[in-house]
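The file final25.pdb comes next; it holds PDB, C-alpha atoms.
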```pdb
ATOM      1  CA  MET H  20      58.586 148.647  88.302
ATOM      2  CA  GLN H  21      56.177 150.635  90.436
ATOM      3  CA  HIS H  22      56.246 154.420  90.337
ATOM      4  CA  GLY H  23      55.031 156.744  93.051
ATOM      5  CA  ALA H  24      52.176 159.187  92.592
ATOM      6  CA  GLU H  25      54.667 162.026  92.176
ATOM      7  CA  ASP H  26      56.349 160.231  89.219
ATOM      8  CA  GLY H  27      52.998 159.684  87.529
ATOM      9  CA  LYS H  28      51.987 163.290  88.139
ATOM     10  CA  ARG H  29      55.239 164.543  86.622
ATOM     11  CA  PHE H  30      54.893 162.282  83.579
ATOM     12  CA  MET H  31      51.263 163.209  82.925
ATOM     13  CA  THR H  32      51.849 166.922  83.438
ATOM     14  CA  GLN H  33      54.812 166.972  81.057
ATOM     15  CA  GLN H  34      52.586 165.423  78.397
ATOM     16  CA  ILE H  35      49.548 167.687  78.653
ATOM     17  CA  VAL H  36      50.785 171.229  79.354
ATOM     18  CA  SER H  37      51.163 173.726  76.527
ATOM     19  CA  TYR H  38      52.272 177.349  76.700
ATOM     20  CA  VAL H  39      50.557 180.289  75.046
ATOM     21  CA  ASP H  40      52.244 183.678  74.848
ATOM     22  CA  THR H  41      49.396 185.753  73.485
ATOM     23  CA  TYR H  42      46.729 187.563  75.454
ATOM     24  CA  ARG H  43      43.551 185.578  76.057
ATOM     25  CA  PRO H  44      40.371 187.247  77.348
ATOM     26  CA  GLY H  45      39.768 186.230  80.952
ATOM     27  CA  ALA H  46      43.284 184.853  81.453
ATOM     28  CA  LEU H  47      44.360 187.413  84.032
ATOM     29  CA  SER H  48      41.122 186.888  85.945
ATOM     30  CA  THR H  49      41.977 183.201  86.117
ATOM     31  CA  LEU H  50      45.504 183.974  87.362
ATOM     32  CA  CYS H  51      43.988 186.337  89.947
ATOM     33  CA  ALA H  52      41.631 183.587  91.130
ATOM     34  CA  LEU H  53      44.466 181.035  91.364
ATOM     35  CA  GLN H  54      46.541 183.482  93.384
ATOM     36  CA  THR H  55      43.846 184.722  95.733
ATOM     37  CA  GLN H  56      42.641 181.199  96.511
ATOM     38  CA  TYR H  57      46.198 179.993  97.204
ATOM     39  CA  TYR H  58      47.231 182.985  99.335
ATOM     40  CA  ALA H  59      43.984 182.952 101.325
ATOM     41  CA  ARG H  60      44.167 179.214 102.004
ATOM     42  CA  ASP H  61      47.906 178.851 102.648
ATOM     43  CA  TRP H  62      48.917 182.293 103.928
ATOM     44  CA  GLY H  63      45.769 183.783 105.468
ATOM     45  CA  PHE H  64      45.507 186.752 103.096
ATOM     46  CA  ASP H  65      42.105 188.432 103.034
ATOM     47  CA  HIS H  66      40.131 190.358 100.406
ATOM     48  CA  THR H  67      42.775 193.114 100.413
ATOM     49  CA  TYR H  68      45.122 190.883  98.425
ATOM     50  CA  GLU H  69      42.512 190.290  95.715
ATOM     51  CA  ALA H  70      41.726 194.016  95.570
ATOM     52  CA  VAL H  71      45.399 194.939  95.100
ATOM     53  CA  VAL H  72      46.018 192.250  92.474
ATOM     54  CA  SER H  73      42.851 192.842  90.477
ATOM     55  CA  ALA H  74      43.416 196.628  90.477
ATOM     56  CA  GLY H  75      46.965 196.071  89.199
ATOM     57  CA  MET H  76      45.709 193.724  86.515
ATOM     58  CA  GLY H  77      43.069 196.226  85.400
ATOM     59  CA  GLU H  78      45.660 198.974  85.151
ATOM     60  CA  PHE H  79      47.998 196.673  83.210
ATOM     61  CA  LEU H  80      45.267 195.615  80.762
ATOM     62  CA  SER H  81      44.334 199.247  80.079
ATOM     63  CA  ARG H  82      47.805 199.776  78.574
ATOM     64  CA  TYR H  83      48.706 196.223  77.497
ATOM     65  CA  ASN H  84      50.997 196.156  74.454
ATOM     66  CA  PRO H  85      52.179 192.795  73.063
ATOM     67  CA  ALA H  86      55.304 194.524  71.708
ATOM     68  CA  THR H  87      56.554 195.234  75.251
ATOM     69  CA  ASP H  88      54.464 192.988  77.510
ATOM     70  CA  LEU H  89      54.214 189.219  77.874
ATOM     71  CA  THR H  90      51.221 187.268  79.130
ATOM     72  CA  LEU H  91      52.450 183.686  79.218
ATOM     73  CA  LEU H  92      49.940 180.992  80.131
ATOM     74  CA  ALA H  93      50.330 177.324  80.982
ATOM     75  CA  ILE H  94      47.352 175.427  79.597
ATOM     76  CA  SER H  95      46.130 171.900  80.314
ATOM     77  CA  GLY H  96      43.207 170.882  78.152
ATOM     78  CA  ASP H  97      41.072 174.016  78.089
ATOM     79  CA  ASP H  98      42.165 175.174  81.550
ATOM     80  CA  ILE H  99      44.687 177.836  82.458
ATOM     81  CA  ILE H 100      46.786 176.154  85.132
ATOM     82  CA  GLY H 101      49.424 178.837  85.549
ATOM     83  CA  GLY H 102      50.987 181.929  84.146
ATOM     84  CA  ILE H 103      53.430 184.759  84.403
ATOM     85  CA  VAL H 104      53.369 188.335  83.151
ATOM     86  CA  ILE H 105      56.222 190.577  82.088
ATOM     87  CA  ASP H 106      55.000 194.152  82.333
ATOM     88  CA  GLY H 107      57.246 196.374  80.246
ATOM     89  CA  GLY H 108      54.947 199.301  79.585
ATOM     90  CA  ASP H 109      55.076 201.380  82.744
ATOM     91  CA  GLN H 110      58.485 200.719  84.261
ATOM     92  CA  GLY H 111      60.719 203.103  82.355
ATOM     93  CA  HIS H 112      63.027 202.702  79.402
ATOM     94  CA  ARG H 113      64.575 199.211  79.194
ATOM     95  CA  SER H 114      62.951 198.118  82.462
ATOM     96  CA  ALA H 115      60.153 195.670  83.199
ATOM     97  CA  ARG H 116      58.353 193.976  86.047
ATOM     98  CA  LEU H 117      57.663 190.273  86.531
ATOM     99  CA  ARG H 118      54.132 189.886  87.875
ATOM    100  CA  TRP H 119      51.377 187.422  88.763
ATOM    101  CA  TYR H 120      53.420 184.237  88.582
ATOM    102  CA  ILE H 121      51.399 181.244  89.735
ATOM    103  CA  VAL H 122      50.968 177.532  89.070
ATOM    104  CA  ALA H 123      47.862 175.602  90.138
ATOM    105  CA  GLU H 124      48.494 173.406  93.147
ATOM    106  CA  ASN H 125      48.066 170.059  91.364
ATOM    107  CA  PHE H 126      50.689 171.074  88.767
ATOM    108  CA  ARG H 127      53.369 172.258  91.196
ATOM    109  CA  GLY H 128      56.616 170.309  91.279
ATOM    110  CA  CYS H 129      56.204 169.138  87.684
ATOM    111  CA  GLY H 130      58.385 171.693  85.900
ATOM    112  CA  VAL H 131      55.575 174.051  84.876
ATOM    113  CA  GLY H 132      56.866 176.886  87.058
ATOM    114  CA  ARG H 133      60.422 176.426  85.836
ATOM    115  CA  SER H 134      59.241 176.430  82.223
ATOM    116  CA  LEU H 135      57.236 179.623  82.772
ATOM    117  CA  ILE H 136      60.266 181.389  84.287
ATOM    118  CA  GLU H 137      62.605 180.168  81.539
ATOM    119  CA  ARG H 138      60.238 181.325  78.788
ATOM    120  CA  ALA H 139      59.715 184.673  80.503
ATOM    121  CA  MET H 140      63.495 185.166  80.759
ATOM    122  CA  LYS H 141      63.839 184.477  77.019
ATOM    123  CA  PHE H 142      61.297 187.230  76.383
ATOM    124  CA  ILE H 143      63.196 189.578  78.710
ATOM    125  CA  ARG H 144      66.433 188.936  76.818
ATOM    126  CA  ARG H 145      64.758 189.308  73.401
ATOM    127  CA  GLN H 146      63.323 192.643  74.510
ATOM    128  CA  GLU H 147      66.753 193.621  75.842
ATOM    129  CA  TYR H 148      65.352 194.749  79.163
ATOM    130  CA  GLU H 149      68.273 195.885  81.291
ATOM    131  CA  ASN H 150      66.482 195.706  84.637
ATOM    132  CA  VAL H 151      63.534 193.577  85.725
ATOM    133  CA  PHE H 152      62.103 193.531  89.222
ATOM    134  CA  LEU H 153      59.496 191.573  91.110
ATOM    135  CA  THR H 154      57.926 191.845  94.529
ATOM    136  CA  THR H 155      57.074 188.866  96.687
ATOM    137  CA  PHE H 156      57.330 187.915 100.353
ATOM    138  CA  ASP H 157      59.516 185.754 102.538
ATOM    139  CA  GLY H 158      58.467 182.127 102.788
ATOM    140  CA  LEU H 159      57.823 181.276  99.145
ATOM    141  CA  THR H 160      60.950 179.130  98.983
ATOM    142  CA  SER H 161      60.262 177.243  95.733
ATOM    143  CA  ALA H 162      59.504 180.443  93.834
ATOM    144  CA  ARG H 163      62.540 182.164  95.332
ATOM    145  CA  ASN H 164      64.763 179.295  94.174
ATOM    146  CA  LEU H 165      63.418 179.678  90.634
ATOM    147  CA  TYR H 166      63.928 183.452  90.708
ATOM    148  CA  GLU H 167      67.505 183.088  91.890
ATOM    149  CA  LYS H 168      68.296 180.393  89.303
ATOM    150  CA  ALA H 169      67.008 182.810  86.639
ATOM    151  CA  GLY H 170      69.437 185.492  87.858
ATOM    152  CA  PHE H 171      67.296 187.562  90.222
ATOM    153  CA  HIS H 172      68.863 188.849  93.440
ATOM    154  CA  LEU H 173      67.183 189.969  96.651
ATOM    155  CA  VAL H 174      67.799 193.727  96.952
ATOM    156  CA  ASP H 175      65.381 194.782  99.689
ATOM    157  CA  GLN H 176      63.024 193.413 102.301
ATOM    158  CA  VAL H 177      60.811 195.201 104.756
ATOM    159  CA  GLU H 178      57.753 194.259 106.786
ATOM    160  CA  LYS H 179      54.602 195.601 105.141
ATOM    161  CA  SER H 180      50.884 194.870 104.944
ATOM    162  CA  THR H 181      50.341 195.687 101.255
ATOM    163  CA  TRP H 182      48.430 192.450 100.738
ATOM    164  CA  GLY H 183      46.268 192.638 103.875
ATOM    165  CA  LYS H 184      48.514 190.827 106.322
ATOM    166  CA  PRO H 185      51.930 191.740 107.732
ATOM    167  CA  VAL H 186      54.639 189.868 105.820
ATOM    168  CA  MET H 187      58.292 190.441 105.028
ATOM    169  CA  GLU H 188      57.912 191.880 101.537
ATOM    170  CA  GLN H 189      60.872 191.353  99.256
ATOM    171  CA  ARG H 190      62.091 192.985  96.084
ATOM    172  CA  PHE H 191      64.210 190.973  93.666
ATOM    173  CA  GLU H 192      65.977 192.451  90.656
ATOM    174  CA  PHE H 193      67.557 191.066  87.521
ATOM    175  CA  PHE H 194      70.156 193.090  85.676
ATOM    176  CA  SER H 195      71.178 192.067  82.179
ATOM    177  CA  SER H 196      74.865 191.363  81.659
ATOM    178  CA  LYS H 197      75.255 193.978  78.911
TER     179      LYS H 197
END
```
Could you quickly redo this structure as structure tokens?
Amino acid sequence: MQHGAEDGKRFMTQQIVSYVDTYRPGALSTLCALQTQYYARDWGFDHTYEAVVSAGMGEFLSRYNPATDLTLLAISGDDIIGGIVIDGGDQGHRSARLRWYIVAENFRGCGVGRSLIERAMKFIRRQEYENVFLTTFDGLTSARNLYEKAGFHLVDQVEKSTWGKPVMEQRFEFFSSK
């Protein structure tokens, strides 16, 4: 029986990806690079996007606390091929922010993104965060589907140029069922 390239990619990816939920020096820089390369290539974002993301990451790292924050990485071999951050330190009591979620292009569609979201949601529930929000923009359909399956709901959208190009920025929120 012959399998398509997509089947082989899925099989191989399932076998070689591991997940690390502890901070690793340089990890956020790698996530920043994955994001800025993707958004420049596929969405036409300029240097402004990288400036906003890297400034946010620097601010986050200056107050990073593993008791309230999660840096979850998807690793293949020695390479970081994706990640997600739950930022619980600056959002207010029992609130957090989902940030910097990305999967490298050659690992998309293989379950890595779904696994990252599921693991992040387990952390959110363990921490008993009552409200978690994320910001994104219209057009990222696969990510939106994962957010909605995890229980996030679109609560606001407005055209902005925060990331260097006018897009319909969206805010999604998750409220615990307490």
- Point-to-point distance in Å for CA of Leu117 in chain H and CA of Leu89 in chain H: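 Atom-to-atom, CA of Leu89 in chain H and CA of Leu117 in chain H are spaced 9.4 Å apart.
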- Task: Please measure the separation of CA of Arg133 in chain H and CA of Leu165 in chain H, giving the value in Å to one decimal.
- Result: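 Between CA of Arg133 in chain H and CA of Leu165 in chain H the gap works out to 6.5 Å.
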- Pick from H:Ser114, H:Ser196, H:Ile136, H:Gly108, whichever lies nearest to Ser81 in chain H using only C-alpha atoms: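 When distances to Ser81 in chain H are compared using only C-alpha atoms, the smallest one comes from H:Gly108.
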- Apply the PyMOL selection byres ((chain H and resi 42-59) around 7) to the structure shown and report the selected residues as a list in words.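 For this structure, the PyMOL selection byres ((chain H and resi 42-59) around 7) resolves to Asp40, Thr41, Arg60, Asp61, Trp62, Gly63, Phe64, Asp65, Tyr68, Glu69, Val72, Ser73, Met76, Thr90, Gly101, Gly102, Trp119, Ile121 and Ala123 of chain H.
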- Residue among H:Ile100, H:Leu135, H:Val177, H:Val122 lying closest to Phe156 in chain H, counting all atoms listed in the file: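 When distances to Phe156 in chain H are compared using all atoms listed in the file, the smallest one comes from H:Val177.
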- Task: Could you list the residues chosen by the PyMOL selection byres ((chain H and resi 178) around 9) in this structure as a ChimeraX atom specification?
- Result: /H:176-177,179-180,185-189
- Message: the PyMOL selection byres ((chain H and resi 153) around 10) - which residues does that actually catch in the file I just gave you? List them as a ChimeraX atom specification.
- Response: /H:105,115-120,151-152,154-155,166,171,173,189-193
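Atom to atom, CA of Ile94 in chain H and CA of Val39 in chain H stand 7.4 Å apart.
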